[in-house]
Amino acid sequence: MVVPLAFGWRHLLFANWPVDADLLDAHLPNALSVQEYDGAGWLSVVPFVNVETRPRGLPARLGVRLPELNLRTYVTCDGEPGVYFFSLDAHGLSAVLGARLLHRLPYYYARMRCRWDGRRRRMEFTSRRLHPGDRPVRFEASYGPADEPFTADPGSRAEFLTERRRLYTQAADGTVRYTDVEHEPWTLRPAEVSIAENTLFEANAFDHPETDPVFYYSPGVDVVTTRSKRWDRTSPRDRRRRP
């Protein structure tokens with residue numbers, strides 16, 4: 001049994017691009033279907049900092065700080081919505097190995113630097129993937145809050161892109177696994193963003209989207225997870241729409 005986790009997610013940027021759903025579908029396990037909003041699938045780049053990362057039940061003071069960068073999309077599995085990760089880069093070799101072995105998540109080791117400038121209210125975030133044998137990834141961005149805070153309305157685009165309580169992944173044997181997450185609703189703000197470099201799309205075999213991105217910033221939430229579980233209610237049908 002994989003130990004459930006607790007941590008805080010801090011200084012998140014949700015950088016979201018609408019894309020053709022069929023392009024995403026080609027990269028998903030057969031059990032998962034692309035979930036669309038406004039007639040499109042979505043690719044999201046999310047840099048943030050994990051704080052107080054620890055097994056659930058341990059005191060927060062025993063946790064560690066780990067910057068992270070992920071590329072994700074939005075899916076359903078037999079109608080249950082969630083997030084599917086194409087890749088997760090993290091600063092911490094032991095954490096990457098643990099997440100790969102225990103949670104079956106596609107983590108990659110990266111060297112990261114992040115600094116919150118309280119005076120300017122900006123996060124400076126850089127990442128260089130160093131995982132042996134894998135495609136290099138470079139990411140550099142500066143981002144921070146703009147305008148007034150808000151909580152996403154039910155059914156809104158902001159809710160669709162942020163309020164997700166299930167994470168899907170595919171194990172080495174081809175089975176789909178999931179982890180549920182619990183946290184308070186996000187406090188969001190429109191974001192001011194400057195992305196100097198981003199090769200996440202190319203590293204995951206996507207062309208860089210030509211659409212205009214939608215940005216949200218959040219100061220963060222405290223999170224607890226369940227253990228990773230095997231999805232055993234999926235039907236064997238091939239749900240792909242490709243010919």
# chains A, B, ... in the order shown; residues from 1 in each chain; ligands from 1
$ closest_atom_pairs --of "region 10-60 of chain A" --to "region 166-181 of chain A" --cutoff "10 Å" --atoms "only C-alpha atoms" --output "CSV"
residue,atom,partner,partner_atom,distance
A:Leu28,CA,A:Gln170,CA,9.1
A:Pro29,CA,A:Gln170,CA,7.1
A:Asn30,CA,A:Val176,CA,9.3
A:Ala31,CA,A:Val176,CA,7.3
A:Leu32,CA,A:Val176,CA,8.6
$ residues_around --residues "Thr162 (chain A)" --least-positions-apart "2" --cutoff "10 Å" --atoms "only C-alpha atoms" --output "list in words"
Phe14, Ser44, Tyr74, Val83, Ala152, Arg157, Ala158, Glu159, Phe160, Arg164, Arg165, Pro185, Trp186, Leu188, Tyr216 and Ser218 of chain A
$ select_by_dssp --residues "region 4-231 of chain A" --states "helix (DSSP H, G or I)" --output "PyMOL selection string"
chain A and resi 21-25+60-62+93-102+157-162+200-203
$ select_by_dssp --residues "region 33-155 of chain A" --states "strand (DSSP E or B)" --output "PyMOL selection string"
chain A and resi 33-34+37+40-55+64-77+80-90+107-117+122-129+138-145+150
$ closest_residue --among "A:Pro59, A:Thr211, A:Arg111, A:Trp231" --to "Asp20 (chain A)" --atoms "only C-alpha atoms"
A:Thr211
$ residues_around --residues "Ser194 (chain A)" --least-positions-apart "3" --cutoff "10 Å" --atoms "only C-alpha atoms" --output "list of chain:residue names"
A:Glu124, A:Glu140, A:Ala141, A:Ser142, A:Tyr143, A:Gly144, A:Ala191, A:Glu197
$ closest_residue --among "A:Ala203, A:Phe125, A:His27, A:Glu148" --to "Tyr108 (chain A)" --atoms "only C-alpha atoms"
A:Ala203
